[in-house]
Amino acid sequence: MIVPIDGRLARNGLPAAGNARTLVIACGALAHEITALKRLNGWSHLDLACLPAIWHNHPERIVPGVEEAVRHHRTAYDTVLVAYGDCGTGGKLAQTCATLGVEMIAAPHCYAFYEGADRFAAHPEEIAAFYLTDFLARQFDAFVWRPLGLDRCPELVQSYFGNYEKLVYLAQTRDRALNARARDCATRLGLTYERRLTGYGDLPAFLAPRD
Amino acid sequence: MAEEDDDLILADLSDDELVPQMGDDLYDGLKDEVAEGVNILLERGWTPYRILTEALVSGMTVVGNDFRDGILFVPEVLQAANAMKAGMAILKPLLAETGAPRMGKMVIGTVKGDIHDIGKNLVAMMMEGAGFDVIDLGINTDVDEYLGALEKEQPDILGMSALLTTTMPYMKIVIDTMAEKGIRDDYIVLVGGAPLNEEFGRAIGADAYCRDAAVAVETAKAFVARKHNRMTAG
């Protein structure tokens, strides 16, 4: 499977190929990681459809988008999975998935399931951390800097990030260039920097074939 | 046009021209110009309350409406808010001295575990603009801090804000604790924040969910008026 460039994943997502028993409907920000897991594990049972990653900034679009995708695809697959956390939907996505009878990852957001939801929940003192993943480190300007208007009004950085203390880069892969990029993001936001190698966290267990 | 604007001398404008110009400056987030306009109107003998309502709040209401309608976005609202803050900083000490009408009192804070305060700050500012005394508890506010402030300040309204799905349930802990202590009905409880909705507000026992700062002000005014009417009738 060829994964489109990030910009296309952000705007358009990724259509399903229609060649497996299980479909995972995912945020476009997870496309590279899920494709890597498929390749690494030889998971032929799994097909991937992604919704636009930029919905990360528009949580109100996630629930209707996921619902439409599930209804559109469900007859063509034995199983449909939803690879989203709550992602700012205020519990609505979990309610919708329960109503539709499809399983989603039990986590508030991808930061939590990449680190491992239990592990993430075990440091509630980390409330002043701003998180990036591999995707968000690559797409920092498109997903953070420009949407917050910091390209036009950099002085607003204090209004947005004044209460944050550190940027934590939850790294899915070992990538020196991304590490440098994430460190630069922290500098631009005026935050201290920490890199935490998480790998794929809870994602493989969620996507693995089940008997 | 830009050159004309650059050449504009606010002090040369009549009141009828200056007030809409201040609205435009507020909309464009020009805090120095807004502060200058406030000072000019004070020099001309306007009361602080009149400047607040006719020049600042009315301008910020346009900003709020355009944000609601998708014409303005958060960065522009923040710039406008900073401009309004500059004007408020001049007026605030004068408002108390000049006996401006007071609408009521609000204690507000972002709930425990949450550091996001942009929405909360906008609500606090607009509530002050509408004539409420606002006690801002800041971020990461736990139930003891809320209850302590209620006891000390005796406000009409408790406002709670949360941006995270993981922190919004804390509002229920605060409301339940108020109920346990038998003080829930002594206060109007308003809640807000991006992941909330009316259904959530009802489910946790709040009086109302407010989707933005303008709605918060209108809701607060309506509830306070109702409370005063009840007290008068009782």
# chains A, B, ... in the order shown; residues from 1 in each chain; ligands from 1
call {"tool": "interface_residues", "arguments": {"of": "chain B", "to": "chain A", "cutoff": "9 Å", "atoms": "only C-alpha atoms", "output": "PyMOL selection string"}}
result
chain B and resi 73-76+78-79+113-118+139-140+163-166+168+194-197+200
call {"tool": "select_by_dssp", "arguments": {"residues": "region 133-198 of chain B", "states": "helix (DSSP H, G or I)", "output": "list in words"}}
result
Val143, Asp144, Glu145, Tyr146, Leu147, Gly148, Ala149, Leu150, Glu151, Lys152, Glu153, Tyr170, Met171, Lys172, Ile173, Val174, Ile175, Asp176, Thr177, Met178, Ala179, Glu180, Arg184, Asp185, Asp186 and Glu198 of chain B
call {"tool": "residues_around", "arguments": {"residues": "Ala53 (chain A)", "least_positions_apart": "2", "cutoff": "12 Å", "atoms": "only C-alpha atoms", "output": "VMD selection string"}}
result
chain A and resid 5 to 14 25 to 32 49 to 51 55 to 59 61 to 62 65 84 87 110 135 to 136 139 142 to 143
call {"tool": "select_by_dssp", "arguments": {"residues": "region 33-175 of chain A", "states": "strand (DSSP E or B)", "output": "MDAnalysis selection string"}}
result
chainID A and resid 46:51 79:83 103:104 129:132 166:171
call {"tool": "write_last_selection", "arguments": {"atoms": "N, CA, C and O atoms", "output": "short mmCIF file (atom, residue, chain, number, x, y, z; two decimals), in the first residue's frame"}}
result
data_model
loop_
_atom_site.label_atom_id
_atom_site.label_comp_id
_atom_site.auth_asym_id
_atom_site.auth_seq_id
_atom_site.Cartn_x
_atom_site.Cartn_y
_atom_site.Cartn_z
N LEU A 46 -6.12 -6.92 7.28
CA LEU A 46 -6.47 -5.53 7.62
C LEU A 46 -6.43 -4.60 6.41
O LEU A 46 -5.45 -4.56 5.67
N ASP A 47 -7.52 -3.87 6.25
CA ASP A 47 -7.57 -2.80 5.26
C ASP A 47 -7.67 -1.47 6.02
O ASP A 47 -8.14 -1.43 7.16
N LEU A 48 -7.22 -0.41 5.39
CA LEU A 48 -7.16 0.89 6.08
C LEU A 48 -7.88 1.96 5.28
O LEU A 48 -7.66 2.11 4.08
N ALA A 49 -8.77 2.69 5.96
CA ALA A 49 -9.36 3.91 5.38
C ALA A 49 -9.10 5.04 6.37
O ALA A 49 -9.32 4.86 7.57
N CYS A 50 -8.63 6.16 5.87
CA CYS A 50 -8.34 7.27 6.78
C CYS A 50 -9.23 8.47 6.49
O CYS A 50 -9.51 8.79 5.33
N LEU A 51 -9.65 9.13 7.55
CA LEU A 51 -10.39 10.38 7.45
C LEU A 51 -9.38 11.53 7.57
O LEU A 51 -8.27 11.34 8.06
N THR A 79 -15.48 -7.08 9.97
CA THR A 79 -15.26 -6.28 11.18
C THR A 79 -14.82 -4.88 10.79
O THR A 79 -14.02 -4.72 9.87
N VAL A 80 -15.35 -3.90 11.52
CA VAL A 80 -14.88 -2.52 11.34
C VAL A 80 -14.35 -2.03 12.69
O VAL A 80 -15.03 -2.15 13.71
N LEU A 81 -13.13 -1.51 12.69
CA LEU A 81 -12.51 -0.93 13.88
C LEU A 81 -12.34 0.57 13.67
O LEU A 81 -12.19 1.03 12.54
N VAL A 82 -12.36 1.30 14.77
CA VAL A 82 -12.19 2.75 14.68
C VAL A 82 -10.92 3.15 15.45
O VAL A 82 -10.87 3.03 16.67
N ALA A 83 -9.91 3.59 14.72
CA ALA A 83 -8.64 3.97 15.35
C ALA A 83 -8.62 5.48 15.60
O ALA A 83 -7.95 6.25 14.91
N GLU A 103 -15.82 -1.22 17.46
CA GLU A 103 -14.89 -1.01 18.57
C GLU A 103 -13.95 0.15 18.25
O GLU A 103 -13.44 0.26 17.13
N MET A 104 -13.71 0.99 19.25
CA MET A 104 -12.69 2.03 19.11
C MET A 104 -11.65 1.87 20.22
O MET A 104 -11.89 1.13 21.18
N ALA A 129 2.06 19.69 29.79
CA ALA A 129 2.85 19.20 28.66
C ALA A 129 2.05 19.33 27.36
O ALA A 129 0.86 19.02 27.33
N PHE A 130 2.71 19.78 26.33
CA PHE A 130 2.11 19.83 24.99
C PHE A 130 2.77 18.72 24.18
O PHE A 130 3.99 18.64 24.11
N TYR A 131 1.94 17.85 23.59
CA TYR A 131 2.48 16.64 22.97
C TYR A 131 2.55 16.75 21.44
O TYR A 131 1.66 17.33 20.81
N LEU A 132 3.59 16.14 20.90
CA LEU A 132 3.67 15.92 19.46
C LEU A 132 3.91 14.44 19.21
O LEU A 132 4.51 13.76 20.04
N LYS A 166 6.38 22.27 29.09
CA LYS A 166 7.30 21.52 28.23
C LYS A 166 6.57 20.93 27.03
O LYS A 166 5.35 20.72 27.07
N LEU A 167 7.34 20.68 26.00
CA LEU A 167 6.82 19.95 24.84
C LEU A 167 7.40 18.54 24.93
O LEU A 167 8.61 18.38 25.09
N VAL A 168 6.50 17.56 24.88
CA VAL A 168 6.95 16.17 24.91
C VAL A 168 6.71 15.57 23.53
O VAL A 168 5.57 15.50 23.07
N TYR A 169 7.79 15.16 22.90
CA TYR A 169 7.69 14.50 21.59
C TYR A 169 7.60 13.00 21.83
O TYR A 169 8.57 12.37 22.25
N LEU A 170 6.40 12.46 21.61
CA LEU A 170 6.19 11.01 21.73
C LEU A 170 6.58 10.40 20.40
O LEU A 170 5.82 10.45 19.42
N ALA A 171 7.78 9.84 20.35
CA ALA A 171 8.33 9.38 19.07
C ALA A 171 7.91 7.96 18.76
O ALA A 171 8.10 7.06 19.58
#
call {"tool": "residues_around", "arguments": {"residues": "region 35-52 of chain B", "least_positions_apart": "2", "cutoff": "12 Å", "atoms": "only C-alpha atoms", "output": "PDB file with C-alpha atoms, in the first residue's frame"}}
result
ATOM      1  CA  LEU B   8      -6.060  59.200  11.322  1.00  0.00           C
ATOM      2  CA  ILE B   9      -5.816  61.406  14.401  1.00  0.00           C
ATOM      3  CA  LEU B  10      -8.281  60.045  16.933  1.00  0.00           C
ATOM      4  CA  ALA B  11      -8.385  63.254  18.933  1.00  0.00           C
ATOM      5  CA  ASP B  12      -9.637  65.119  15.854  1.00  0.00           C
ATOM      6  CA  LEU B  13     -12.712  62.913  15.550  1.00  0.00           C
ATOM      7  CA  SER B  14     -16.071  63.860  16.990  1.00  0.00           C
ATOM      8  CA  ASP B  15     -17.604  61.499  19.541  1.00  0.00           C
ATOM      9  CA  ASP B  16     -19.912  60.137  16.854  1.00  0.00           C
ATOM     10  CA  GLU B  17     -16.917  59.312  14.690  1.00  0.00           C
ATOM     11  CA  LEU B  18     -14.562  58.197  17.437  1.00  0.00           C
ATOM     12  CA  VAL B  19     -16.776  55.513  18.983  1.00  0.00           C
ATOM     13  CA  PRO B  20     -17.260  53.526  15.747  1.00  0.00           C
ATOM     14  CA  GLN B  21     -13.567  54.030  14.986  1.00  0.00           C
ATOM     15  CA  MET B  22     -12.752  52.494  18.365  1.00  0.00           C
ATOM     16  CA  GLY B  23     -15.003  49.591  17.443  1.00  0.00           C
ATOM     17  CA  ASP B  24     -13.002  49.120  14.251  1.00  0.00           C
ATOM     18  CA  ASP B  25      -9.720  49.367  16.162  1.00  0.00           C
ATOM     19  CA  LEU B  26     -10.941  46.824  18.665  1.00  0.00           C
ATOM     20  CA  GLY B  29      -6.788  44.252  17.666  1.00  0.00           C
ATOM     21  CA  LEU B  30      -5.115  47.678  17.854  1.00  0.00           C
ATOM     22  CA  LYS B  31      -4.626  47.985  21.582  1.00  0.00           C
ATOM     23  CA  ASP B  32      -2.685  51.264  21.612  1.00  0.00           C
ATOM     24  CA  GLU B  33      -5.393  52.937  19.553  1.00  0.00           C
ATOM     25  CA  GLU B  54     -20.815  52.024  24.186  1.00  0.00           C
ATOM     26  CA  ALA B  55     -17.240  51.813  22.920  1.00  0.00           C
ATOM     27  CA  LEU B  56     -15.711  48.583  24.206  1.00  0.00           C
ATOM     28  CA  VAL B  57     -18.435  46.030  24.938  1.00  0.00           C
ATOM     29  CA  SER B  58     -20.398  46.907  21.812  1.00  0.00           C
ATOM     30  CA  GLY B  59     -17.214  46.477  19.747  1.00  0.00           C
ATOM     31  CA  MET B  60     -16.387  43.187  21.414  1.00  0.00           C
ATOM     32  CA  THR B  61     -19.940  41.980  20.807  1.00  0.00           C
ATOM     33  CA  ASN B  82      -5.986  42.088  24.155  1.00  0.00           C
ATOM     34  CA  ALA B  83      -7.104  45.440  22.768  1.00  0.00           C
ATOM     35  CA  MET B  84     -10.187  45.415  24.989  1.00  0.00           C
ATOM     36  CA  LYS B  85      -7.992  44.490  27.952  1.00  0.00           C
ATOM     37  CA  ALA B  86      -5.891  47.595  27.290  1.00  0.00           C
ATOM     38  CA  GLY B  87      -9.020  49.744  27.454  1.00  0.00           C
ATOM     39  CA  MET B  88     -10.362  47.907  30.501  1.00  0.00           C
ATOM     40  CA  ALA B  89      -7.084  48.411  32.349  1.00  0.00           C
ATOM     41  CA  ILE B  90      -7.706  52.165  32.211  1.00  0.00           C
ATOM     42  CA  LEU B  91     -11.393  51.951  33.073  1.00  0.00           C
ATOM     43  CA  LYS B  92     -11.427  49.296  35.781  1.00  0.00           C
ATOM     44  CA  PRO B  93     -10.114  51.423  38.663  1.00  0.00           C
ATOM     45  CA  LEU B  94     -12.409  54.266  37.608  1.00  0.00           C
ATOM     46  CA  LEU B  95     -15.553  52.144  37.395  1.00  0.00           C
ATOM     47  CA  ALA B  96     -15.631  51.461  41.126  1.00  0.00           C
ATOM     48  CA  GLU B  97     -14.940  55.113  41.970  1.00  0.00           C
ATOM     49  CA  THR B  98     -17.751  56.369  39.771  1.00  0.00           C
ATOM     50  CA  GLY B  99     -20.423  54.013  41.081  1.00  0.00           C
ATOM     51  CA  ALA B 100     -21.069  52.141  37.842  1.00  0.00           C
ATOM     52  CA  PRO B 101     -24.063  49.778  38.080  1.00  0.00           C
ATOM     53  CA  ARG B 102     -23.127  46.254  39.154  1.00  0.00           C
ATOM     54  CA  MET B 125     -13.438  39.776  30.462  1.00  0.00           C
ATOM     55  CA  MET B 126     -16.881  39.928  28.863  1.00  0.00           C
ATOM     56  CA  MET B 127     -18.557  39.413  32.231  1.00  0.00           C
ATOM     57  CA  GLU B 128     -16.563  42.303  33.665  1.00  0.00           C
ATOM     58  CA  GLY B 129     -17.538  44.345  30.642  1.00  0.00           C
ATOM     59  CA  ALA B 130     -21.175  43.526  31.336  1.00  0.00           C
ATOM     60  CA  GLY B 131     -20.883  44.851  34.874  1.00  0.00           C
TER      61      GLY B 131
END
call {"tool": "residues_around", "arguments": {"residues": "region 169-177 of chain B", "least_positions_apart": "5", "cutoff": "12 Å", "atoms": "only C-alpha atoms", "output": "compact mmCIF listing (two decimals) with N, CA and C atoms, in the first residue's frame"}}
result
# COMPACT_ATOMS: atom_id res chain seq x y z
N GLY A 90 -15.74 14.82 23.51
CA GLY A 90 -16.52 14.86 24.75
C GLY A 90 -17.31 13.58 25.00
N GLY A 91 -16.76 12.45 24.59
CA GLY A 91 -17.44 11.17 24.80
C GLY A 91 -18.41 10.79 23.70
N ILE B 108 -14.91 32.26 38.90
CA ILE B 108 -14.69 31.44 37.71
C ILE B 108 -13.32 30.80 37.77
N GLY B 109 -13.19 29.61 37.20
CA GLY B 109 -11.89 28.95 37.14
C GLY B 109 -11.91 27.78 36.18
N THR B 110 -10.74 27.46 35.65
CA THR B 110 -10.56 26.24 34.87
C THR B 110 -10.36 25.08 35.83
N VAL B 111 -10.99 23.95 35.55
CA VAL B 111 -11.04 22.86 36.54
C VAL B 111 -9.69 22.16 36.73
N LYS B 112 -9.61 21.41 37.79
CA LYS B 112 -8.41 20.66 38.15
C LYS B 112 -7.93 19.79 36.97
N GLY B 113 -6.64 19.78 36.76
CA GLY B 113 -6.05 18.97 35.71
C GLY B 113 -6.00 19.65 34.36
N ASP B 114 -6.51 20.86 34.30
CA ASP B 114 -6.63 21.55 33.00
C ASP B 114 -5.98 22.93 33.11
N ASN B 140 -6.39 24.93 36.75
CA ASN B 140 -6.11 23.77 37.62
C ASN B 140 -6.74 23.97 39.01
N THR B 141 -8.03 24.32 39.02
CA THR B 141 -8.71 24.67 40.26
C THR B 141 -9.38 23.44 40.87
N ASP B 142 -9.04 23.13 42.10
CA ASP B 142 -9.66 21.94 42.71
C ASP B 142 -10.92 22.34 43.50
N VAL B 143 -11.64 21.33 43.95
CA VAL B 143 -12.94 21.56 44.57
C VAL B 143 -12.82 22.43 45.81
N ASP B 144 -11.74 22.24 46.57
CA ASP B 144 -11.56 23.05 47.78
C ASP B 144 -11.38 24.53 47.44
N GLU B 145 -10.66 24.78 46.36
CA GLU B 145 -10.47 26.19 45.96
C GLU B 145 -11.80 26.80 45.52
N TYR B 146 -12.58 26.04 44.75
CA TYR B 146 -13.90 26.56 44.34
C TYR B 146 -14.76 26.85 45.57
N LEU B 147 -14.84 25.87 46.46
CA LEU B 147 -15.73 26.03 47.61
C LEU B 147 -15.25 27.14 48.54
N GLY B 148 -13.94 27.23 48.69
CA GLY B 148 -13.38 28.30 49.52
C GLY B 148 -13.74 29.67 48.97
N LEU B 150 -16.30 30.36 47.03
CA LEU B 150 -17.76 30.59 47.17
C LEU B 150 -18.06 31.12 48.56
N LEU B 158 -21.18 30.64 39.87
CA LEU B 158 -19.94 29.88 39.76
C LEU B 158 -19.77 29.48 38.30
N GLY B 159 -18.64 29.82 37.71
CA GLY B 159 -18.34 29.41 36.33
C GLY B 159 -17.19 28.43 36.30
N MET B 160 -17.37 27.34 35.56
CA MET B 160 -16.28 26.36 35.43
C MET B 160 -16.02 26.09 33.96
N SER B 161 -14.72 25.96 33.64
CA SER B 161 -14.31 25.77 32.26
C SER B 161 -13.38 24.57 32.15
N ALA B 162 -13.48 23.86 31.02
CA ALA B 162 -12.56 22.74 30.74
C ALA B 162 -12.40 22.60 29.24
N LEU B 163 -11.20 22.30 28.81
CA LEU B 163 -10.98 22.08 27.38
C LEU B 163 -10.84 20.60 27.05
N LEU B 164 -10.56 19.79 28.05
CA LEU B 164 -10.22 18.40 27.79
C LEU B 164 -11.37 17.47 28.17
N GLY B 182 -25.03 21.06 50.86
CA GLY B 182 -26.31 21.77 50.93
C GLY B 182 -26.26 23.19 50.40
N ILE B 183 -25.27 23.48 49.55
CA ILE B 183 -25.14 24.86 49.04
C ILE B 183 -25.35 24.95 47.54
N ARG B 184 -25.69 23.82 46.90
CA ARG B 184 -25.78 23.83 45.44
C ARG B 184 -26.75 24.91 44.94
N ASP B 185 -27.90 24.99 45.60
CA ASP B 185 -28.93 25.90 45.08
C ASP B 185 -28.71 27.36 45.48
N ASP B 186 -27.64 27.60 46.20
CA ASP B 186 -27.33 28.99 46.57
C ASP B 186 -26.65 29.74 45.42
N TYR B 187 -26.21 28.99 44.40
CA TYR B 187 -25.43 29.60 43.33
C TYR B 187 -25.96 29.18 41.95
N ILE B 188 -25.75 30.08 41.01
CA ILE B 188 -26.01 29.75 39.61
C ILE B 188 -24.73 29.12 39.08
N VAL B 189 -24.81 27.91 38.53
CA VAL B 189 -23.60 27.24 38.04
C VAL B 189 -23.63 27.21 36.51
N LEU B 190 -22.64 27.88 35.91
CA LEU B 190 -22.52 27.90 34.46
C LEU B 190 -21.25 27.16 34.07
N VAL B 191 -21.32 26.35 33.02
CA VAL B 191 -20.14 25.60 32.57
C VAL B 191 -19.91 25.85 31.08
N GLY B 192 -18.65 25.71 30.68
CA GLY B 192 -18.32 25.89 29.27
C GLY B 192 -16.99 25.25 28.93
N GLY B 193 -16.72 25.17 27.62
CA GLY B 193 -15.48 24.57 27.14
C GLY B 193 -15.75 23.77 25.88
N PRO B 195 -15.23 20.75 24.52
CA PRO B 195 -15.85 19.43 24.36
C PRO B 195 -17.22 19.30 25.03
N LEU B 196 -17.68 20.35 25.70
CA LEU B 196 -18.96 20.26 26.43
C LEU B 196 -20.13 20.50 25.49
N PHE B 200 -24.37 17.51 28.38
CA PHE B 200 -23.41 17.29 29.47
C PHE B 200 -23.72 18.23 30.63
N GLY B 201 -24.00 19.49 30.31
CA GLY B 201 -24.32 20.46 31.36
C GLY B 201 -25.50 19.99 32.20
N ARG B 202 -26.52 19.50 31.52
CA ARG B 202 -27.71 19.01 32.25
C ARG B 202 -27.36 17.80 33.10
N ALA B 203 -26.58 16.87 32.48
CA ALA B 203 -26.27 15.60 33.15
C ALA B 203 -25.50 15.81 34.45
N ILE B 204 -24.65 16.82 34.49
CA ILE B 204 -23.84 17.01 35.72
C ILE B 204 -24.54 17.93 36.72
N GLY B 205 -25.68 18.47 36.34
CA GLY B 205 -26.43 19.30 37.28
C GLY B 205 -26.08 20.77 37.27
N ALA B 206 -25.48 21.24 36.17
CA ALA B 206 -25.23 22.68 36.04
C ALA B 206 -26.54 23.38 35.69
N ASP B 207 -26.58 24.69 35.90
CA ASP B 207 -27.78 25.43 35.49
C ASP B 207 -27.79 25.66 33.99
N TYR B 209 -25.15 25.33 30.17
CA TYR B 209 -23.91 25.25 29.39
C TYR B 209 -23.87 26.49 28.50
call {"tool": "atom_distance", "arguments": {"atom1": "CA of Thr187 (chain A)", "atom2": "CA of Thr173 (chain A)"}}
result
21.3 Å
call {"tool": "residues_around", "arguments": {"residues": "Ala177 (chain A)", "least_positions_apart": "5", "cutoff": "10 Å", "atoms": "only C-alpha atoms", "output": "PDB file with N, CA and C atoms, in the first residue's frame"}}
result
ATOM      1  N   ARG A 138       6.139  16.441  12.081  1.00  0.00           N
ATOM      2  CA  ARG A 138       6.320  16.782  10.651  1.00  0.00           C
ATOM      3  C   ARG A 138       5.380  17.900  10.230  1.00  0.00           C
ATOM      4  N   ALA A 182      11.248  18.493  16.216  1.00  0.00           N
ATOM      5  CA  ALA A 182      10.406  18.625  17.412  1.00  0.00           C
ATOM      6  C   ALA A 182      11.061  19.555  18.429  1.00  0.00           C
ATOM      7  N   ARG A 183      12.380  19.441  18.556  1.00  0.00           N
ATOM      8  CA  ARG A 183      13.098  20.330  19.476  1.00  0.00           C
ATOM      9  C   ARG A 183      12.931  21.789  19.043  1.00  0.00           C
TER      10      ARG A 183
END
call {"tool": "atom_distance", "arguments": {"atom1": "CA of Ile54 (chain A)", "atom2": "CA of Ala137 (chain A)"}}
result
13.9 Å
